[in-house]
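Just below is one structure, and these are the notes that go with it.
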Amino acid sequence: MPLTGLQIYKLLPQTNCKECGSPTCLAFAMKLAAKQAELTACPYVSETSKSQLESASSPPIRLITLAGDGTKLEVGNETVMFRHEKTFYHKPGIFIRLKDSQDLESIRAGAATASAYSVDYVGIKLGVDGFAVESVSGDRARFAAAVGAVAAAKNPLILMAADPAVLAEGAKVVAGTRPLLYAADETNWQQMAEVAKSTKAPLAVKAESLEKLADLTEKLQKAGVEDLVLDPLARGSSASLTILTQIRRLALKKNYRPLGYPVMVFPGEAEGVDEAVMAAQQIAKYAGFVVINSFDPAVLYPLLVLRENLYTDPQKPIQVQPGLFEINAPTADAPVMVTTNFSITYFAVNNEVEGAGWPAWLIVTDADGMSVLTAWAAGKLDSDRIVKAIKACSIESKINHKRLIIPGQVAILSGELEEGLEGWEIMVGPKEAVDIPAYLKAAWKH
Ligand code: SF4
């Protein structure tokens, strides 16, 4: 059972020296109990206390790190069941499955194409995390060659083989990186443990019940393998939701160490459910590694966007840097518009204007990352802030007019702005970004 804040406090030095960043030892103890601090932050804990505090200080879901050639992926260390309770920290890795039954050239080309896939979503680059290379042939040399072909893409890898000897052969090819080995089961866990220890790689564990899974992880821990990943073999939609939720609850609410590891899933193996739908469910609840059967941007893009939205801090909106942005190389007679620094708002405006081919100046105000109407309601977008932003970016020295287009949602600010910006004409633009091109065509006269 996890220790309470008061139990932890009794094991701390109780000097309130503040070196851990907390104002008192009690405050630090409370943070430790809530898994919001690391014990290493206090340099004065005695060795005896350290061992007693281990269960309170180590994360309830172990952090697992995979590394490719110069690339890295971290999964785990989650502390809450629901995003709104705090935040989710480490996005589940999305891996594309490749099999050694394919010819080498198509494996290499497939990995290169998927690895190069990159899309821009509100200023964030999204793409595939890595590849799961599966031994279908059972042949060591063939598997090793397939791993070598995929490794050229440099992403983190999952190596999949039923035979520990085959797995070891594949791991040799990527020595110096840190792949995930898949998988130990009741029949082979001892040999798999040896492969994991000799390669210093994390090991996936699979079993059909939580009891068997927990039994295996305890055996592997005793055998010296600490970095584990769980595959509960729950392939159907309902089973996956139930089992993954149980694992998460047991790890977080009961501090049940044998199941305190990230979970991996194979959404393409669910019968009667579309792979993308299944993957979406599992990204939301509670996969750590998602292995997709094939590379298809139409499947991948919505999953990446979903993941991005779930794994951002709900208390910190995605923001762009406030300032003056140039769209389509604006000249002195180009329109001047104003908006807020909420990423989605900025990109909506920018994309509409840019896509329509309008040269324009876009002044982005600092509204703590809120959208226009929210910022206005919260007092983060008012005439004073807009006036300040216009003066700060020296737009007047770049244009030959004094006309400012404000978002239709804050038409109410036009009077105050005309007072604050002497000689300026305030034009009220549309409420929706999508209507900006038509508005400019009708209202902007050179
Ligand atoms: Fe207490 Fe340790 Fe924090 Fe100092 S560093 S306040 S002793 S918990």
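Labeling convention for the structure tokens: chains A, B, ... as they appear, residues from 1 per chain, ligands from 1 in order of appearance.
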With only C-alpha atoms and all ligand atoms counted, collect every polymer residue having an atom within 6 Å of ligand 1; state the result as number ranges by chain. A: 12-20, 22, 24-25, 28, 42, 44
For the residues in the current selection, export N, CA, C and O atoms as a PDB file, in the first residue's frame.
ATOM      1  N   LEU A  12      11.061  11.927   6.858  1.00  0.00           N
ATOM      2  CA  LEU A  12      11.899  13.007   6.319  1.00  0.00           C
ATOM      3  C   LEU A  12      12.669  13.702   7.454  1.00  0.00           C
ATOM      4  O   LEU A  12      12.291  13.577   8.627  1.00  0.00           O
ATOM      5  N   PRO A  13      13.715  14.476   7.126  1.00  0.00           N
ATOM      6  CA  PRO A  13      14.537  15.103   8.184  1.00  0.00           C
ATOM      7  C   PRO A  13      13.785  16.132   9.031  1.00  0.00           C
ATOM      8  O   PRO A  13      14.208  16.433  10.160  1.00  0.00           O
ATOM      9  N   GLN A  14      12.712  16.695   8.529  1.00  0.00           N
ATOM     10  CA  GLN A  14      11.874  17.660   9.269  1.00  0.00           C
ATOM     11  C   GLN A  14      12.645  18.919   9.678  1.00  0.00           C
ATOM     12  O   GLN A  14      12.450  19.460  10.775  1.00  0.00           O
ATOM     13  N   THR A  15      13.531  19.374   8.819  1.00  0.00           N
ATOM     14  CA  THR A  15      14.285  20.603   9.117  1.00  0.00           C
ATOM     15  C   THR A  15      13.744  21.803   8.338  1.00  0.00           C
ATOM     16  O   THR A  15      14.171  22.936   8.579  1.00  0.00           O
ATOM     17  N   ASN A  16      12.855  21.531   7.396  1.00  0.00           N
ATOM     18  CA  ASN A  16      12.249  22.595   6.579  1.00  0.00           C
ATOM     19  C   ASN A  16      13.289  23.490   5.898  1.00  0.00           C
ATOM     20  O   ASN A  16      13.162  24.710   5.874  1.00  0.00           O
ATOM     21  N   CYS A  17      14.335  22.881   5.378  1.00  0.00           N
ATOM     22  CA  CYS A  17      15.423  23.677   4.788  1.00  0.00           C
ATOM     23  C   CYS A  17      15.084  24.222   3.403  1.00  0.00           C
ATOM     24  O   CYS A  17      15.773  25.066   2.880  1.00  0.00           O
ATOM     25  N   LYS A  18      14.029  23.700   2.770  1.00  0.00           N
ATOM     26  CA  LYS A  18      13.515  24.184   1.467  1.00  0.00           C
ATOM     27  C   LYS A  18      14.357  23.777   0.252  1.00  0.00           C
ATOM     28  O   LYS A  18      14.073  24.195  -0.865  1.00  0.00           O
ATOM     29  N   GLU A  19      15.423  23.031   0.445  1.00  0.00           N
ATOM     30  CA  GLU A  19      16.300  22.712  -0.697  1.00  0.00           C
ATOM     31  C   GLU A  19      15.609  21.854  -1.753  1.00  0.00           C
ATOM     32  O   GLU A  19      16.031  21.800  -2.897  1.00  0.00           O
ATOM     33  N   CYS A  20      14.543  21.175  -1.361  1.00  0.00           N
ATOM     34  CA  CYS A  20      13.811  20.335  -2.322  1.00  0.00           C
ATOM     35  C   CYS A  20      12.881  21.173  -3.201  1.00  0.00           C
ATOM     36  O   CYS A  20      12.268  20.662  -4.129  1.00  0.00           O
ATOM     37  N   SER A  22      10.246  22.727  -1.950  1.00  0.00           N
ATOM     38  CA  SER A  22       8.991  22.871  -1.205  1.00  0.00           C
ATOM     39  C   SER A  22       9.255  23.716   0.040  1.00  0.00           C
ATOM     40  O   SER A  22      10.354  23.683   0.595  1.00  0.00           O
ATOM     41  N   THR A  24       8.170  23.388   3.078  1.00  0.00           N
ATOM     42  CA  THR A  24       8.359  22.610   4.310  1.00  0.00           C
ATOM     43  C   THR A  24       8.516  21.131   3.960  1.00  0.00           C
ATOM     44  O   THR A  24       8.154  20.693   2.865  1.00  0.00           O
ATOM     45  N   CYS A  25       9.004  20.372   4.936  1.00  0.00           N
ATOM     46  CA  CYS A  25       9.105  18.922   4.731  1.00  0.00           C
ATOM     47  C   CYS A  25       7.711  18.321   4.555  1.00  0.00           C
ATOM     48  O   CYS A  25       7.527  17.375   3.789  1.00  0.00           O
ATOM     49  N   PHE A  28       6.577  18.799   1.044  1.00  0.00           N
ATOM     50  CA  PHE A  28       7.299  17.867   0.178  1.00  0.00           C
ATOM     51  C   PHE A  28       6.722  16.450   0.312  1.00  0.00           C
ATOM     52  O   PHE A  28       6.543  15.729  -0.668  1.00  0.00           O
ATOM     53  N   CYS A  42      15.281  15.699  -2.195  1.00  0.00           N
ATOM     54  CA  CYS A  42      15.740  15.970  -0.815  1.00  0.00           C
ATOM     55  C   CYS A  42      17.095  15.288  -0.617  1.00  0.00           C
ATOM     56  O   CYS A  42      17.184  14.063  -0.627  1.00  0.00           O
ATOM     57  N   TYR A  44      18.821  15.042   2.040  1.00  0.00           N
ATOM     58  CA  TYR A  44      19.133  14.694   3.426  1.00  0.00           C
ATOM     59  C   TYR A  44      18.389  13.468   3.958  1.00  0.00           C
ATOM     60  O   TYR A  44      18.408  13.212   5.163  1.00  0.00           O
TER      61      TYR A  44
END
Assign secondary structure with DSSP using the backbone only, and return the residues of segment 132-225 of chain A in strand (DSSP E) as a list in words. Ala132, Val133, Glu134, Leu157, Ile158, Leu159, Met160, Leu180, Leu181, Tyr182, Ala183, Ala184, Leu203, Ala204, Val205 and Lys206 of chain A
Near-Leu381 of chain A list (10 Å; only C-alpha atoms; drop same-chain fewer than 5 positions) as an MDAnalysis selection string: chainID A and resid 339:340 365:368 370:376 386 410 413
Ranking A:Leu228, A:Ala214, A:Ala141, A:Leu39 by minimum distance to Thr65 of chain A and counting only C-alpha atoms, which one comes first?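 Ranking A:Leu228, A:Ala214, A:Ala141, A:Leu39 by distance to Thr65 of chain A, first place goes to A:Leu228.
Look at Ala329 of chain A: the protein and nucleic acid residues within 8 Å of it, using only C-alpha atoms and passing over chain neighbours fewer than 2 places away, are Glu326, Ile327, Thr331, Pro359 and Ala360 of chain A.
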Those residues with N, CA and C atoms, as a PDB file, in the first residue's frame please?
ATOM      1  N   GLU A 326       4.015  38.141 -40.878  1.00  0.00           N
ATOM      2  CA  GLU A 326       3.801  38.547 -42.269  1.00  0.00           C
ATOM      3  C   GLU A 326       3.203  37.381 -43.035  1.00  0.00           C
ATOM      4  N   ILE A 327       2.147  37.654 -43.774  1.00  0.00           N
ATOM      5  CA  ILE A 327       1.520  36.598 -44.577  1.00  0.00           C
ATOM      6  C   ILE A 327       1.625  36.988 -46.052  1.00  0.00           C
ATOM      7  N   THR A 331       2.938  44.193 -48.424  1.00  0.00           N
ATOM      8  CA  THR A 331       3.528  45.500 -48.737  1.00  0.00           C
ATOM      9  C   THR A 331       2.834  46.558 -47.871  1.00  0.00           C
ATOM     10  N   PRO A 359      -1.866  39.134 -49.284  1.00  0.00           N
ATOM     11  CA  PRO A 359      -0.761  39.590 -48.440  1.00  0.00           C
ATOM     12  C   PRO A 359      -1.375  40.326 -47.249  1.00  0.00           C
ATOM     13  N   ALA A 360      -0.869  40.101 -46.065  1.00  0.00           N
ATOM     14  CA  ALA A 360      -1.459  40.767 -44.893  1.00  0.00           C
ATOM     15  C   ALA A 360      -0.470  40.798 -43.743  1.00  0.00           C
TER      16      ALA A 360
END
Please provide as a PDB file with all heavy atoms, in the first residue's frame all residues within 7 Å of Val263 of chain A, with the sequence filter that same-chain residues fewer than 3 positions apart are discarded (counting only C-alpha atoms).
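The result, written out as out_35.pdb:
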ATOM      1  N   VAL A 229       6.947  -4.077 -20.120  1.00  0.00           N
ATOM      2  CA  VAL A 229       5.757  -3.530 -20.795  1.00  0.00           C
ATOM      3  C   VAL A 229       4.737  -4.667 -20.829  1.00  0.00           C
ATOM      4  O   VAL A 229       5.117  -5.827 -21.018  1.00  0.00           O
ATOM      5  CB  VAL A 229       6.114  -3.063 -22.232  1.00  0.00           C
ATOM      6  CG1 VAL A 229       4.862  -2.719 -23.021  1.00  0.00           C
ATOM      7  CG2 VAL A 229       7.046  -1.853 -22.176  1.00  0.00           C
ATOM      8  N   LEU A 230       3.469  -4.339 -20.616  1.00  0.00           N
ATOM      9  CA  LEU A 230       2.445  -5.379 -20.502  1.00  0.00           C
ATOM     10  C   LEU A 230       1.638  -5.533 -21.786  1.00  0.00           C
ATOM     11  O   LEU A 230       1.208  -4.547 -22.373  1.00  0.00           O
ATOM     12  CB  LEU A 230       1.470  -5.030 -19.373  1.00  0.00           C
ATOM     13  CG  LEU A 230       2.078  -4.647 -18.017  1.00  0.00           C
ATOM     14  CD1 LEU A 230       0.968  -4.196 -17.072  1.00  0.00           C
ATOM     15  CD2 LEU A 230       2.855  -5.816 -17.432  1.00  0.00           C
ATOM     16  N   ASP A 231       1.413  -6.768 -22.209  1.00  0.00           N
ATOM     17  CA  ASP A 231       0.418  -7.058 -23.248  1.00  0.00           C
ATOM     18  C   ASP A 231      -0.590  -8.026 -22.641  1.00  0.00           C
ATOM     19  O   ASP A 231      -0.331  -9.222 -22.536  1.00  0.00           O
ATOM     20  CB  ASP A 231       1.076  -7.685 -24.488  1.00  0.00           C
ATOM     21  CG  ASP A 231       0.023  -8.077 -25.521  1.00  0.00           C
ATOM     22  OD1 ASP A 231      -1.178  -7.769 -25.308  1.00  0.00           O
ATOM     23  OD2 ASP A 231       0.390  -8.705 -26.535  1.00  0.00           O
ATOM     24  N   ALA A 287      -3.301   3.000 -23.596  1.00  0.00           N
ATOM     25  CA  ALA A 287      -2.150   2.331 -24.220  1.00  0.00           C
ATOM     26  C   ALA A 287      -0.877   3.150 -24.060  1.00  0.00           C
ATOM     27  O   ALA A 287      -0.918   4.384 -24.026  1.00  0.00           O
ATOM     28  CB  ALA A 287      -2.430   2.097 -25.688  1.00  0.00           C
ATOM     29  N   GLY A 288       0.253   2.449 -23.985  1.00  0.00           N
ATOM     30  CA  GLY A 288       1.557   3.113 -23.971  1.00  0.00           C
ATOM     31  C   GLY A 288       2.269   2.954 -25.309  1.00  0.00           C
ATOM     32  O   GLY A 288       2.981   3.837 -25.762  1.00  0.00           O
ATOM     33  N   PHE A 289       2.065   1.782 -25.938  1.00  0.00           N
ATOM     34  CA  PHE A 289       2.656   1.518 -27.261  1.00  0.00           C
ATOM     35  C   PHE A 289       1.536   0.981 -28.149  1.00  0.00           C
ATOM     36  O   PHE A 289       0.847   0.029 -27.783  1.00  0.00           O
ATOM     37  CB  PHE A 289       3.771   0.470 -27.164  1.00  0.00           C
ATOM     38  CG  PHE A 289       4.934   0.909 -26.326  1.00  0.00           C
ATOM     39  CD1 PHE A 289       4.962   0.645 -24.956  1.00  0.00           C
ATOM     40  CD2 PHE A 289       6.003   1.594 -26.886  1.00  0.00           C
ATOM     41  CE1 PHE A 289       6.022   1.060 -24.169  1.00  0.00           C
ATOM     42  CE2 PHE A 289       7.075   2.017 -26.106  1.00  0.00           C
ATOM     43  CZ  PHE A 289       7.078   1.745 -24.746  1.00  0.00           C
TER      44      PHE A 289
END
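Taking only C-alpha atoms into account, Leu126 of chain A lies nearest to A:Glu308 out of the set A:Glu308, A:Asp215, A:Glu186, A:Asp69.
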Sel. of alpha helix (DSSP H) residues, segment 179-398 of chain A, as an NGL selection string: :A and (189-199 or 210-222 or 237-253 or 275-284 or 297-310 or 343-355 or 372-377 or 383-392)
Per residue of segment 145-252 of chain A within 12 Å of segment 269-280 of chain A, what are the shortest atom pair and its distance in Å to one decimal, counting only C-alpha atoms, with rows by chain and residue number, as a tab-separated table?
residue	atom	partner	partner_atom	distance
A:Leu233	CA	A:Glu269	CA	9.8
A:Ala234	CA	A:Ala270	CA	8.7
A:Arg235	CA	A:Ala270	CA	4.9
A:Gly236	CA	A:Ala270	CA	4.9
A:Ser237	CA	A:Met278	CA	6.5
A:Ser238	CA	A:Met278	CA	10.0
A:Ala239	CA	A:Ala270	CA	10.0
A:Ser240	CA	A:Met278	CA	9.1
A:Leu241	CA	A:Met278	CA	9.8
Output for the residues just chosen: all heavy atoms as a CSV table (one decimal), in the first residue's frame:
chain,number,residue,atom,x,y,z
A,233,LEU,N,-3.2,-9.2,-23.9
A,233,LEU,CA,-3.8,-10.0,-24.9
A,233,LEU,C,-5.4,-9.7,-25.0
A,233,LEU,O,-6.1,-10.6,-25.5
A,233,LEU,CB,-3.6,-11.5,-24.7
A,233,LEU,CG,-2.1,-11.9,-24.8
A,233,LEU,CD1,-1.9,-13.3,-24.4
A,233,LEU,CD2,-1.5,-11.7,-26.2
A,234,ALA,N,-5.8,-8.5,-24.6
A,234,ALA,CA,-7.2,-8.1,-24.7
A,234,ALA,C,-7.4,-7.5,-26.0
A,234,ALA,O,-7.2,-6.3,-26.2
A,234,ALA,CB,-7.5,-7.2,-23.5
A,235,ARG,N,-7.8,-8.2,-27.0
A,235,ARG,CA,-7.9,-7.7,-28.4
A,235,ARG,C,-9.2,-7.0,-28.7
A,235,ARG,O,-9.2,-6.1,-29.5
A,235,ARG,CB,-7.5,-8.8,-29.4
A,235,ARG,CG,-6.1,-9.4,-29.2
A,235,ARG,CD,-5.1,-8.3,-29.5
A,235,ARG,NE,-3.7,-8.9,-29.6
A,235,ARG,CZ,-2.8,-8.7,-28.7
A,235,ARG,NH1,-3.1,-7.9,-27.6
A,235,ARG,NH2,-1.6,-9.2,-28.8
A,236,GLY,N,-10.3,-7.5,-28.2
A,236,GLY,CA,-11.6,-6.9,-28.5
A,236,GLY,C,-11.8,-5.5,-27.9
A,236,GLY,O,-11.1,-5.2,-26.9
A,237,SER,N,-12.7,-4.8,-28.4
A,237,SER,CA,-13.0,-3.4,-28.0
A,237,SER,C,-13.3,-3.4,-26.5
A,237,SER,O,-12.7,-2.6,-25.7
A,237,SER,CB,-14.1,-2.8,-28.8
A,237,SER,OG,-14.4,-1.6,-28.4
A,238,SER,N,-14.3,-4.2,-26.1
A,238,SER,CA,-14.8,-4.1,-24.7
A,238,SER,C,-13.7,-4.7,-23.8
A,238,SER,O,-13.5,-4.1,-22.7
A,238,SER,CB,-16.1,-4.9,-24.7
A,238,SER,OG,-16.4,-5.1,-23.3
A,239,ALA,N,-13.1,-5.8,-24.2
A,239,ALA,CA,-12.1,-6.4,-23.3
A,239,ALA,C,-10.9,-5.4,-23.1
A,239,ALA,O,-10.4,-5.3,-22.0
A,239,ALA,CB,-11.6,-7.7,-23.9
A,240,SER,N,-10.5,-4.8,-24.2
A,240,SER,CA,-9.4,-3.9,-24.1
A,240,SER,C,-9.7,-2.7,-23.1
A,240,SER,O,-8.9,-2.4,-22.3
A,240,SER,CB,-9.0,-3.3,-25.5
A,240,SER,OG,-8.0,-2.3,-25.4
A,241,LEU,N,-10.9,-2.1,-23.3
A,241,LEU,CA,-11.2,-1.0,-22.5
A,241,LEU,C,-11.3,-1.4,-21.0
A,241,LEU,O,-10.7,-0.8,-20.1
A,241,LEU,CB,-12.6,-0.5,-22.9
A,241,LEU,CG,-13.1,0.7,-22.1
A,241,LEU,CD1,-12.2,1.9,-22.3
A,241,LEU,CD2,-14.5,1.1,-22.6
Nearest residue to Tyr182 of chain A from the set A:Met264, A:Leu220, A:Ala433, A:Ala151 (distances using only C-alpha atoms):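 Of all the options, A:Met264 lies closest to Tyr182 of chain A.
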Choose the residue, out of A:Arg248, A:Lys431, A:Lys99, A:Arg108, that has the smallest atom-to-atom separation from Phe143 of chain A; count only C-alpha atoms. A:Lys99
Can you tell me which residues surround segment 73-85 of chain A at a distance of at most 10 Å, considering only C-alpha atoms, apart from same-chain residues fewer than 5 positions away, and format the answer as a ChimeraX atom specification? /A:34-36,58-68,90-93,129-130,155-157,178,229,245,248-249,251-253,260-263,284-289,310-315
Pick out the residues sitting within 10 Å of Glu396 of chain A, and hand them over as a ChimeraX atom specification; count only C-alpha atoms, and ignore anything fewer than 6 positions along from it in its own chain. /A:332,390,402
Keeping only N, CA and C atoms, write the selected residues to a file as a PDB file, in the first residue's frame.
ATOM      1  N   ALA A 332       3.188  47.821 -48.108  1.00  0.00           N
ATOM      2  CA  ALA A 332       2.694  48.901 -47.233  1.00  0.00           C
ATOM      3  C   ALA A 332       1.177  49.066 -47.280  1.00  0.00           C
ATOM      4  N   ILE A 390       0.074  46.920 -30.981  1.00  0.00           N
ATOM      5  CA  ILE A 390       0.311  47.679 -32.224  1.00  0.00           C
ATOM      6  C   ILE A 390       1.537  48.568 -32.067  1.00  0.00           C
ATOM      7  N   LYS A 402      -3.873  53.591 -42.072  1.00  0.00           N
ATOM      8  CA  LYS A 402      -4.105  53.364 -40.641  1.00  0.00           C
ATOM      9  C   LYS A 402      -5.468  52.694 -40.475  1.00  0.00           C
TER      10      LYS A 402
END
Which residue out of A:Ser101, A:Gly127, A:Arg142, A:Gly420 has the minimum interatomic distance to Leu303 of chain A when only C-alpha atoms are used? A:Gly127
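Counting only C-alpha atoms and comparing A:Gln7, A:Asn188, A:Asn255, A:Thr199, the residue that lies closest to Glu169 of chain A is A:Thr199.
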One number please: atom CA of Lys197 of chain A to atom CA of Phe95 of chain A, in Å, one decimal.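 Atom-to-atom, atom CA of Lys197 of chain A to atom CA of Phe95 of chain A, that is 23.5 Å.
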